[in-house]
file data-v9.txt (compact mmCIF, C-alpha atoms and all ligand atoms)
# COMPACT_ATOMS: atom_id res chain seq x y z
CA MET F 287 33.54 -15.68 14.29
CA MET F 288 30.10 -16.21 12.78
CA GLY F 289 28.24 -15.70 16.06
CA ASP F 290 29.73 -12.25 16.44
CA ARG F 291 28.23 -10.96 13.23
CA ASP F 292 24.85 -9.33 13.14
CA PHE F 293 23.30 -11.16 10.19
CA ARG F 294 19.86 -9.75 10.91
CA ALA F 295 21.14 -6.21 10.41
CA THR F 296 22.92 -7.26 7.18
CA ILE F 297 19.77 -8.91 5.78
CA GLN F 298 17.66 -5.91 6.84
CA SER F 299 20.01 -3.53 5.10
CA ALA F 300 20.04 -5.70 1.92
CA LEU F 301 16.23 -5.76 1.89
CA SER F 302 16.09 -2.03 2.44
CA SER F 303 18.51 -1.34 -0.47
CA ILE F 304 16.59 -3.65 -2.85
CA GLY F 305 13.31 -2.10 -1.68
CA LYS F 306 14.59 1.41 -2.46
CA GLU F 307 15.75 0.27 -5.90
CA LEU F 308 12.34 -1.22 -6.69
CA GLN F 309 10.02 1.31 -5.09
CA LEU F 310 7.82 3.60 -7.18
CA ASP F 311 9.48 6.78 -8.28
CA ILE F 312 7.39 9.50 -6.60
CA ASP F 313 8.66 13.09 -6.53
CA PRO F 314 7.37 14.40 -3.15
CA LYS F 315 7.53 18.03 -4.31
CA ASN F 316 5.49 17.50 -7.47
CA ILE F 317 2.03 17.54 -5.91
CA GLN F 318 0.32 17.90 -9.30
CA THR F 319 1.32 14.31 -10.09
CA ILE F 320 -0.25 11.79 -7.75
CA HIS F 321 0.64 8.13 -8.03
CA LEU F 322 -2.16 5.58 -8.02
CA GLN F 323 -0.54 3.68 -5.15
CA GLU F 324 -0.85 6.81 -3.00
CA VAL F 325 -4.64 6.89 -3.27
CA VAL F 326 -5.46 3.19 -2.92
CA GLN F 327 -3.65 3.10 0.43
CA CYS F 328 -4.39 5.30 3.46
CA LEU F 329 -4.16 8.96 2.34
CA ARG F 330 -2.62 9.96 5.65
CA ARG F 331 0.21 7.48 5.10
CA SER F 332 0.79 8.84 1.59
CA TYR F 333 0.83 12.38 2.97
CA PHE F 334 3.46 11.50 5.59
CA ASP F 335 5.49 9.65 2.93
CA ARG F 336 5.82 12.96 1.06
CA ILE F 337 6.03 15.49 3.92
CA ASP F 338 7.91 13.74 6.72
CA PRO F 339 8.82 10.19 5.65
CA VAL F 340 9.95 7.32 7.83
CA GLU F 341 11.54 4.34 6.12
CA ILE F 342 9.43 1.19 6.14
CA GLU F 343 10.92 -1.92 7.72
CA ARG F 344 10.84 -4.69 5.11
CA ARG F 345 10.25 -8.22 6.37
CA GLY F 346 11.16 -10.37 3.36
CA PHE F 347 11.62 -10.69 -0.37
CA ASN F 348 7.94 -11.59 -0.91
CA GLU F 349 6.71 -8.03 -0.74
CA LEU F 350 9.21 -6.99 -3.43
CA LEU F 351 7.56 -9.23 -6.03
CA SER F 352 5.51 -6.55 -7.78
CA GLY F 353 8.42 -4.07 -7.98
CA LEU F 354 10.70 -6.77 -9.36
CA LEU F 355 8.24 -7.67 -12.13
CA ARG F 356 7.83 -4.03 -13.13
CA LYS F 357 11.61 -3.76 -13.63
CA LEU F 358 11.85 -6.86 -15.84
CA GLU F 359 11.41 -6.82 -19.61
CA TYR F 360 7.73 -7.87 -19.27
CA GLY F 361 7.04 -4.86 -17.05
CA SER F 362 4.85 -2.12 -18.46
CA GLU F 363 5.67 1.58 -18.70
CA PRO F 364 3.93 4.01 -16.31
CA LYS F 365 1.00 5.91 -17.83
CA GLU F 366 -0.78 9.13 -16.88
CA PHE F 367 -4.47 10.03 -16.72
CA GLU F 368 -5.35 13.72 -16.63
CA ILE F 369 -7.82 15.03 -14.04
CA ASP F 370 -8.03 18.76 -14.79
CA ASP F 371 -4.58 20.07 -13.81
CA ILE F 372 -3.63 16.94 -11.86
CA LYS F 373 -1.96 13.89 -13.38
CA LEU F 374 -2.80 10.48 -11.96
CA GLN F 375 0.11 8.17 -12.68
CA GLY F 376 -0.38 4.42 -12.70
CA GLN F 377 1.82 1.48 -13.50
CA THR F 378 0.65 -2.08 -13.92
CA ASP F 379 2.99 -5.04 -13.47
CA MET F 380 2.33 -6.53 -16.94
CA ILE F 381 0.01 -6.31 -19.92
CA VAL F 382 -0.59 -9.69 -21.56
CA ASP F 383 -3.00 -10.17 -24.52
CA ASP F 384 -4.56 -6.79 -23.80
CA ALA F 385 -5.27 -7.75 -20.17
CA ILE F 386 -3.80 -5.83 -17.22
CA MET F 387 -1.99 -8.09 -14.73
CA LEU F 388 -0.97 -7.43 -11.14
CA PHE F 389 1.03 -9.80 -8.93
CA ARG F 390 0.86 -9.67 -5.17
CA SER F 391 2.31 -11.85 -2.42
CA THR F 392 0.21 -13.01 0.52
CA GLN F 393 0.74 -15.04 3.68
CA THR F 394 -2.26 -17.30 3.03
CA GLU F 395 -4.59 -18.14 0.15
CA LEU F 396 -7.31 -15.51 -0.20
CA GLU F 397 -11.03 -16.00 -0.78
CA ASN F 398 -11.43 -12.48 -2.19
CA PRO F 399 -8.98 -9.97 -3.64
CA LEU F 400 -7.88 -7.19 -1.26
CA ALA F 401 -9.87 -3.96 -1.60
CA ASN F 402 -6.86 -1.75 -2.41
CA ASP F 403 -5.70 -4.21 -5.10
CA VAL F 404 -9.19 -4.11 -6.67
CA LEU F 405 -9.11 -0.30 -6.68
CA TYR F 406 -5.59 -0.32 -8.16
CA LEU F 407 -6.45 -2.86 -10.86
CA ASN F 408 -9.70 -1.11 -11.81
CA ALA F 409 -7.95 2.26 -12.07
CA CYS F 410 -5.22 0.72 -14.28
CA LEU F 411 -7.98 -0.50 -16.62
CA TRP F 412 -9.08 3.13 -17.09
CA ILE F 413 -5.58 4.59 -17.24
CA TYR F 414 -4.41 2.06 -19.89
CA ASP F 415 -7.86 1.96 -21.52
CA LYS F 416 -8.35 -1.79 -21.23
CA THR F 417 -11.45 -3.73 -20.25
CA GLU F 418 -10.11 -6.81 -18.50
CA GLY F 419 -7.72 -7.24 -15.60
CA ILE F 420 -6.31 -10.00 -13.42
CA VAL F 421 -4.71 -9.98 -9.99
CA VAL F 422 -2.59 -13.00 -9.09
CA TYR F 423 -1.80 -13.72 -5.42
CA ILE F 424 1.17 -15.94 -4.66
CA THR F 425 1.77 -17.40 -1.20
CA GLY F 426 5.17 -18.14 0.34
CA ASP F 427 4.67 -21.86 -0.50
CA ARG F 428 4.01 -20.95 -4.17
CA LYS F 429 0.24 -21.47 -4.26
CA GLU F 430 -1.45 -19.01 -6.54
CA THR F 431 -4.98 -17.65 -6.66
CA THR F 432 -6.23 -15.53 -9.55
CA PHE F 433 -9.14 -13.09 -9.64
CA SER F 434 -10.40 -11.33 -12.75
CA LEU F 435 -12.15 -7.99 -13.00
CA THR F 436 -14.00 -6.00 -15.64
CA ARG F 437 -13.74 -2.26 -15.34
CA ASN F 438 -16.17 -0.30 -13.21
CA LYS F 439 -16.73 3.45 -13.58
CA LYS F 440 -18.04 4.17 -10.06
CA MET F 441 -15.00 2.60 -8.48
CA PHE F 442 -12.71 4.72 -10.68
CA GLU F 443 -14.66 7.86 -9.73
CA GLU F 444 -13.86 7.10 -6.09
CA VAL F 445 -10.15 6.95 -6.96
CA ILE F 446 -10.43 10.31 -8.77
CA ARG F 447 -12.12 11.80 -5.70
CA ARG F 448 -9.26 10.59 -3.51
CA VAL F 449 -6.69 12.04 -5.93
CA ARG F 450 -8.35 15.46 -5.57
CA VAL F 451 -8.52 15.17 -1.76
CA LEU F 452 -4.82 14.26 -1.46
CA ASN F 453 -3.80 17.02 -3.88
CA ASN F 454 -5.80 19.62 -1.88
CA LEU F 455 -4.44 18.50 1.48
CA LEU F 456 -0.86 18.56 0.16
CA LYS F 457 -1.46 22.10 -1.12
CA GLU F 458 -2.88 23.17 2.24
CA GLU F 459 -0.23 21.21 4.16
CA LYS F 460 -2.92 19.53 6.24
CA ALA F 461 -2.57 15.89 7.26
CA PRO F 462 -5.53 13.72 6.15
CA ILE F 463 -7.71 12.19 8.87
CA LEU F 464 -7.02 8.68 10.19
CA GLU F 465 -8.21 5.80 8.03
CA PRO F 466 -8.12 2.94 10.55
CA SER F 467 -7.77 -0.44 8.83
CA THR F 468 -5.70 -3.62 8.94
CA GLU F 469 -2.99 -1.61 7.11
CA CYS F 470 -2.32 0.31 10.37
CA SER F 471 -0.65 -2.60 12.18
CA GLU F 472 2.09 -2.73 9.51
CA CYS F 473 2.30 1.03 9.03
CA GLN F 474 5.49 2.92 9.94
CA TYR F 475 3.38 5.88 11.15
CA TYR F 476 1.32 3.88 13.66
CA GLU F 477 2.75 5.79 16.62
CA ARG F 478 1.93 9.15 15.01
CA CYS F 479 -1.70 8.13 14.62
CA PHE F 480 -2.32 6.04 17.70
CA ILE F 481 -0.19 5.18 20.71
CA LYS F 482 3.38 4.12 21.31
CA ARG F 483 3.70 0.39 20.60
CA LYS F 484 6.08 -0.18 23.53
CA ASN F 485 5.58 0.74 27.20
CA SER F 486 1.89 1.40 26.58
CA LYS F 487 -0.24 1.54 29.70
CA HIS F 488 -2.40 -1.48 30.29
CA VAL F 489 -6.07 -0.58 30.01
CA ASP F 490 -8.68 -2.81 31.59
CA ILE F 491 -11.70 -2.49 29.28
CA GLY F 492 -13.99 -4.11 31.85
CA GLU F 493 -13.04 -1.44 34.42
CA MET F 494 -13.50 1.36 31.89
CA LEU F 495 -17.02 0.13 31.20
CA GLY F 496 -17.79 -0.16 34.90
CA LEU F 497 -17.96 -3.97 34.75
CA GLY F 498 -15.21 -4.58 37.27
CA LYS F 499 -11.96 -6.37 36.47
CA PHE F 500 -12.17 -8.08 33.09
CA GLY F 501 -11.86 -11.85 33.31
CA HIS F 502 -12.16 -11.91 37.14
CA GLN F 503 -15.25 -13.10 38.95
CA ASP F 504 -15.56 -12.65 42.70
S1 LIG F 601 -1.40 4.09 11.09
FE1 LIG F 601 -3.23 3.73 9.85
S2 LIG F 601 -4.32 5.69 9.83
FE2 LIG F 601 -2.19 6.10 10.44
S3 LIG F 601 -1.10 6.60 8.57
FE3 LIG F 601 -0.80 4.44 8.95
S4 LIG F 601 -2.42 3.39 7.78
FE4 LIG F 601 -3.00 5.58 8.00
call {"tool": "encode", "arguments": {"input": "data-v9.txt", "output": "structure tokens", "more": "lines below"}}
Ligand code: SF4
result
Amino acid sequence: MMGDRDFRATIQSALSSIGKELQLDIDPKNIQTIHLQEVVQCLRRSYFDRIDPVEIERRGFNELLSGLLRKLEYGSEPKEFEIDDIKLQGQTDMIVDDAIMLFRSTQTELENPLANDVLYLNACLWIYDKTEGIVVYITGDRKETTFSLTRNKKMFEEVIRRVRVLNNLLKEEKAPILEPSTECSECQYYERCFIKRKNSKHVDIGEMLGLGKFGHQD
């Protein structure tokens, strides 16, 4: 009987299998090769992904867009950039007419590109030695917004700095400090960094600040 079957679990497991198939190929033991994705996101998250990973819960096919494009015939090959004895490996989604292209899905139309996408795109421009790049955001209802970027050295230097920091911390087996951001609410390591999501104790901020019960006036 249809009602007896757990379709949610089936869909979740299908998403998880496709996600694994499309995810970036990162060898957790090879700490001398750092992937670009690892340094444009929270370093602590990238560290846990290598040392003590927890599988991410995928919510839909949208977030698989970039991985899917990389696997198709238009997808570009990964490329490495040497930083002393460390290799920074990047992979763009496509290269069209000498321009680097990234595709990302979003819930709503964006007014500005997301910071980690800008860092990723800019670093790809240096890794592939190109001058122009484009990031295309596509919403669930198929609206697209495009932003273009010319390469910026300072921004790439920041990525190189983060590559060195992650490499050092992996060598020393020390977890990076918290990088609180909007990424945290979707992060599978939230409870390691902050508090348990369920059964958390209610805290009255008004009381903590000595202002009496918040929202109550006697
Ligand atoms: S919860 Fe936030 S700070 Fe902690 S690993 Fe995830 S993204 Fe980083």
call {"tool": "residues_near_ligand", "arguments": {"input": "data-v9.txt", "ligand": "ligand LIG 601 (chain F)", "cutoff": "9 Å", "atoms": "only C-alpha atoms and all ligand atoms", "output": "ChimeraX atom specification"}}
result
/F:327-334,462-480
call {"tool": "closest_residue", "arguments": {"input": "data-v9.txt", "among": "F:Val340, F:Ala409, F:Ile420, F:Ile317", "to": "F:Ile446", "atoms": "all atoms listed in the file"}}
result
F:Ala409
call {"tool": "closest_residue", "arguments": {"input": "data-v9.txt", "among": "F:Ile372, F:Ile312, F:Leu405, F:Leu400", "to": "F:Val445", "atoms": "all atoms listed in the file"}}
result
F:Leu405
call {"tool": "atom_distance", "arguments": {"input": "data-v9.txt", "atom1": "atom CA of F:Asn454", "atom2": "atom CA of F:Met441"}}
result
20.4 Å
call {"tool": "residues_near_point", "arguments": {"input": "data-v9.txt", "point": "(-1.4, -17.7, 2.5)", "cutoff": "10 Å", "atoms": "only C-alpha atoms", "output": "mmCIF file with C-alpha atoms, keeping the file's coordinate frame"}}
result
data_model
loop_
_atom_site.group_PDB
_atom_site.id
_atom_site.type_symbol
_atom_site.label_atom_id
_atom_site.label_comp_id
_atom_site.auth_asym_id
_atom_site.auth_seq_id
_atom_site.Cartn_x
_atom_site.Cartn_y
_atom_site.Cartn_z
ATOM 1 C CA SER F 391 2.310 -11.850 -2.420
ATOM 2 C CA THR F 392 0.210 -13.010 0.520
ATOM 3 C CA GLN F 393 0.740 -15.040 3.680
ATOM 4 C CA THR F 394 -2.260 -17.300 3.030
ATOM 5 C CA GLU F 395 -4.590 -18.140 0.150
ATOM 6 C CA LEU F 396 -7.310 -15.510 -0.200
ATOM 7 C CA TYR F 423 -1.800 -13.720 -5.420
ATOM 8 C CA ILE F 424 1.170 -15.940 -4.660
ATOM 9 C CA THR F 425 1.770 -17.400 -1.200
ATOM 10 C CA GLY F 426 5.170 -18.140 0.340
ATOM 11 C CA ASP F 427 4.670 -21.860 -0.500
ATOM 12 C CA ARG F 428 4.010 -20.950 -4.170
ATOM 13 C CA LYS F 429 0.240 -21.470 -4.260
ATOM 14 C CA GLU F 430 -1.450 -19.010 -6.540
ATOM 15 C CA THR F 431 -4.980 -17.650 -6.660
#
call {"tool": "atom_distance", "arguments": {"input": "data-v9.txt", "atom1": "atom CA of F:Ile342", "atom2": "atom CA of F:Asp311"}}
result
15.5 Å
call {"tool": "atom_distance", "arguments": {"input": "data-v9.txt", "atom1": "atom CA of F:Ile369", "atom2": "atom CA of F:Arg450"}}
result
8.5 Å
call {"tool": "closest_residue", "arguments": {"input": "data-v9.txt", "among": "F:Ala401, F:Arg390, F:Cys410, F:Pro339", "to": "F:Leu374", "atoms": "only C-alpha atoms"}}
result
F:Cys410
call {"tool": "axis_aligned_box", "arguments": {"input": "data-v9.txt", "around": "stretch 387-394 of chain F", "padding_each_side": "6 Å", "output": "lines of an AutoDock Vina configuration file"}}
result
center_x = 0.0
center_y = -12.4
center_z = -5.5
size_x = 16.6
size_y = 21.9
size_z = 30.4
call {"tool": "residues_around", "arguments": {"input": "data-v9.txt", "residues": "stretch 433-436 of chain F", "least_positions_apart": "6", "cutoff": "7 Å", "atoms": "only C-alpha atoms", "output": "list of chain:residue names"}}
result
F:Pro399, F:Thr417, F:Glu418, F:Gly419, F:Ile420, F:Val421, F:Val422
call {"tool": "decode", "arguments": {"input": "data-v9.txt", "residues": "stretch 396-491 of chain F", "atoms": "C-alpha atoms", "output": "PDB file, in the first residue's frame"}}
result
ATOM      1  CA  LEU F 396      19.973  38.047  -5.665  1.00  0.00           C
ATOM      2  CA  GLU F 397      21.011  41.694  -5.763  1.00  0.00           C
ATOM      3  CA  ASN F 398      24.692  40.817  -5.308  1.00  0.00           C
ATOM      4  CA  PRO F 399      26.679  37.628  -5.837  1.00  0.00           C
ATOM      5  CA  LEU F 400      27.440  35.626  -2.679  1.00  0.00           C
ATOM      6  CA  ALA F 401      30.863  36.332  -1.153  1.00  0.00           C
ATOM      7  CA  ASN F 402      32.115  32.735  -1.356  1.00  0.00           C
ATOM      8  CA  ASP F 403      31.070  32.509  -5.026  1.00  0.00           C
ATOM      9  CA  VAL F 404      33.000  35.728  -5.757  1.00  0.00           C
ATOM     10  CA  LEU F 405      36.086  34.302  -4.029  1.00  0.00           C
ATOM     11  CA  TYR F 406      35.698  31.009  -5.929  1.00  0.00           C
ATOM     12  CA  LEU F 407      35.218  32.697  -9.304  1.00  0.00           C
ATOM     13  CA  ASN F 408      38.117  35.108  -8.783  1.00  0.00           C
ATOM     14  CA  ALA F 409      40.448  32.275  -7.750  1.00  0.00           C
ATOM     15  CA  CYS F 410      39.415  30.261 -10.850  1.00  0.00           C
ATOM     16  CA  LEU F 411      40.436  33.256 -12.990  1.00  0.00           C
ATOM     17  CA  TRP F 412      43.963  32.993 -11.543  1.00  0.00           C
ATOM     18  CA  ILE F 413      44.132  29.208 -11.598  1.00  0.00           C
ATOM     19  CA  TYR F 414      43.005  28.993 -15.272  1.00  0.00           C
ATOM     20  CA  ASP F 415      44.800  32.249 -16.153  1.00  0.00           C
ATOM     21  CA  LYS F 416      41.750  34.041 -17.541  1.00  0.00           C
ATOM     22  CA  THR F 417      40.660  37.628 -17.045  1.00  0.00           C
ATOM     23  CA  GLU F 418      36.874  37.485 -17.157  1.00  0.00           C
ATOM     24  CA  GLY F 419      34.363  35.413 -15.228  1.00  0.00           C
ATOM     25  CA  ILE F 420      30.608  35.083 -14.835  1.00  0.00           C
ATOM     26  CA  VAL F 421      28.448  33.605 -12.104  1.00  0.00           C
ATOM     27  CA  VAL F 422      24.882  32.697 -13.064  1.00  0.00           C
ATOM     28  CA  TYR F 423      22.262  32.233 -10.329  1.00  0.00           C
ATOM     29  CA  ILE F 424      19.156  30.250 -11.186  1.00  0.00           C
ATOM     30  CA  THR F 425      16.090  30.226  -8.938  1.00  0.00           C
ATOM     31  CA  GLY F 426      13.667  27.318  -8.509  1.00  0.00           C
ATOM     32  CA  ASP F 427      11.202  29.101 -10.862  1.00  0.00           C
ATOM     33  CA  ARG F 428      13.948  29.370 -13.536  1.00  0.00           C
ATOM     34  CA  LYS F 429      14.747  33.078 -13.218  1.00  0.00           C
ATOM     35  CA  GLU F 430      18.387  33.772 -13.789  1.00  0.00           C
ATOM     36  CA  THR F 431      20.662  36.596 -12.674  1.00  0.00           C
ATOM     37  CA  THR F 432      24.189  36.997 -14.008  1.00  0.00           C
ATOM     38  CA  PHE F 433      27.131  38.851 -12.474  1.00  0.00           C
ATOM     39  CA  SER F 434      30.469  39.385 -14.173  1.00  0.00           C
ATOM     40  CA  LEU F 435      33.861  39.840 -12.561  1.00  0.00           C
ATOM     41  CA  THR F 436      37.352  40.850 -13.641  1.00  0.00           C
ATOM     42  CA  ARG F 437      40.168  39.272 -11.704  1.00  0.00           C
ATOM     43  CA  ASN F 438      41.485  40.863  -8.532  1.00  0.00           C
ATOM     44  CA  LYS F 439      44.893  40.051  -7.040  1.00  0.00           C
ATOM     45  CA  LYS F 440      44.171  41.046  -3.423  1.00  0.00           C
ATOM     46  CA  MET F 441      41.170  38.763  -3.275  1.00  0.00           C
ATOM     47  CA  PHE F 442      43.257  35.863  -4.611  1.00  0.00           C
ATOM     48  CA  GLU F 443      45.959  36.572  -2.010  1.00  0.00           C
ATOM     49  CA  GLU F 444      43.315  36.122   0.679  1.00  0.00           C
ATOM     50  CA  VAL F 445      42.455  32.700  -0.780  1.00  0.00           C
ATOM     51  CA  ILE F 446      46.167  31.756  -0.759  1.00  0.00           C
ATOM     52  CA  ARG F 447      46.408  32.821   2.881  1.00  0.00           C
ATOM     53  CA  ARG F 448      43.451  30.593   3.754  1.00  0.00           C
ATOM     54  CA  VAL F 449      45.025  27.666   1.876  1.00  0.00           C
ATOM     55  CA  ARG F 450      48.151  28.007   4.039  1.00  0.00           C
ATOM     56  CA  VAL F 451      46.099  28.285   7.260  1.00  0.00           C
ATOM     57  CA  LEU F 452      44.057  25.150   6.477  1.00  0.00           C
ATOM     58  CA  ASN F 453      47.173  23.205   5.465  1.00  0.00           C
ATOM     59  CA  ASN F 454      48.933  24.161   8.731  1.00  0.00           C
ATOM     60  CA  LEU F 455      45.957  23.309  10.923  1.00  0.00           C
ATOM     61  CA  LEU F 456      45.533  19.930   9.187  1.00  0.00           C
ATOM     62  CA  LYS F 457      49.232  19.226   9.807  1.00  0.00           C
ATOM     63  CA  GLU F 458      48.906  20.197  13.466  1.00  0.00           C
ATOM     64  CA  GLU F 459      45.540  18.425  13.795  1.00  0.00           C
ATOM     65  CA  LYS F 460      43.998  21.550  15.288  1.00  0.00           C
ATOM     66  CA  ALA F 461      40.419  22.521  14.446  1.00  0.00           C
ATOM     67  CA  PRO F 462      40.118  26.052  12.990  1.00  0.00           C
ATOM     68  CA  ILE F 463      38.228  28.647  15.023  1.00  0.00           C
ATOM     69  CA  LEU F 464      34.507  29.249  14.449  1.00  0.00           C
ATOM     70  CA  GLU F 465      33.586  31.369  11.448  1.00  0.00           C
ATOM     71  CA  PRO F 466      29.996  32.317  12.313  1.00  0.00           C
ATOM     72  CA  SER F 467      27.970  33.181   9.205  1.00  0.00           C
ATOM     73  CA  THR F 468      24.682  32.378   7.498  1.00  0.00           C
ATOM     74  CA  GLU F 469      26.372  29.121   6.365  1.00  0.00           C
ATOM     75  CA  CYS F 470      26.129  27.825   9.969  1.00  0.00           C
ATOM     76  CA  SER F 471      22.357  27.313   9.931  1.00  0.00           C
ATOM     77  CA  GLU F 472      22.693  24.778   7.084  1.00  0.00           C
ATOM     78  CA  CYS F 473      25.932  23.243   8.359  1.00  0.00           C
ATOM     79  CA  GLN F 474      26.031  19.601   9.477  1.00  0.00           C
ATOM     80  CA  TYR F 475      28.510  20.525  12.242  1.00  0.00           C
ATOM     81  CA  TYR F 476      26.297  23.175  13.871  1.00  0.00           C
ATOM     82  CA  GLU F 477      25.955  21.184  17.082  1.00  0.00           C
ATOM     83  CA  ARG F 478      29.738  20.746  17.362  1.00  0.00           C
ATOM     84  CA  CYS F 479      30.230  24.500  17.162  1.00  0.00           C
ATOM     85  CA  PHE F 480      27.219  25.836  19.000  1.00  0.00           C
ATOM     86  CA  ILE F 481      24.377  24.162  20.869  1.00  0.00           C
ATOM     87  CA  LYS F 482      22.105  21.206  20.301  1.00  0.00           C
ATOM     88  CA  ARG F 483      19.318  22.226  17.920  1.00  0.00           C
ATOM     89  CA  LYS F 484      16.678  20.218  19.811  1.00  0.00           C
ATOM     90  CA  ASN F 485      15.791  20.384  23.520  1.00  0.00           C
ATOM     91  CA  SER F 486      17.783  23.597  23.903  1.00  0.00           C
ATOM     92  CA  LYS F 487      17.039  25.555  27.048  1.00  0.00           C
ATOM     93  CA  HIS F 488      14.953  28.645  26.539  1.00  0.00           C
ATOM     94  CA  VAL F 489      16.975  31.752  27.334  1.00  0.00           C
ATOM     95  CA  ASP F 490      15.202  34.995  28.128  1.00  0.00           C
ATOM     96  CA  ILE F 491      17.531  37.690  26.767  1.00  0.00           C
TER      97      ILE F 491
END
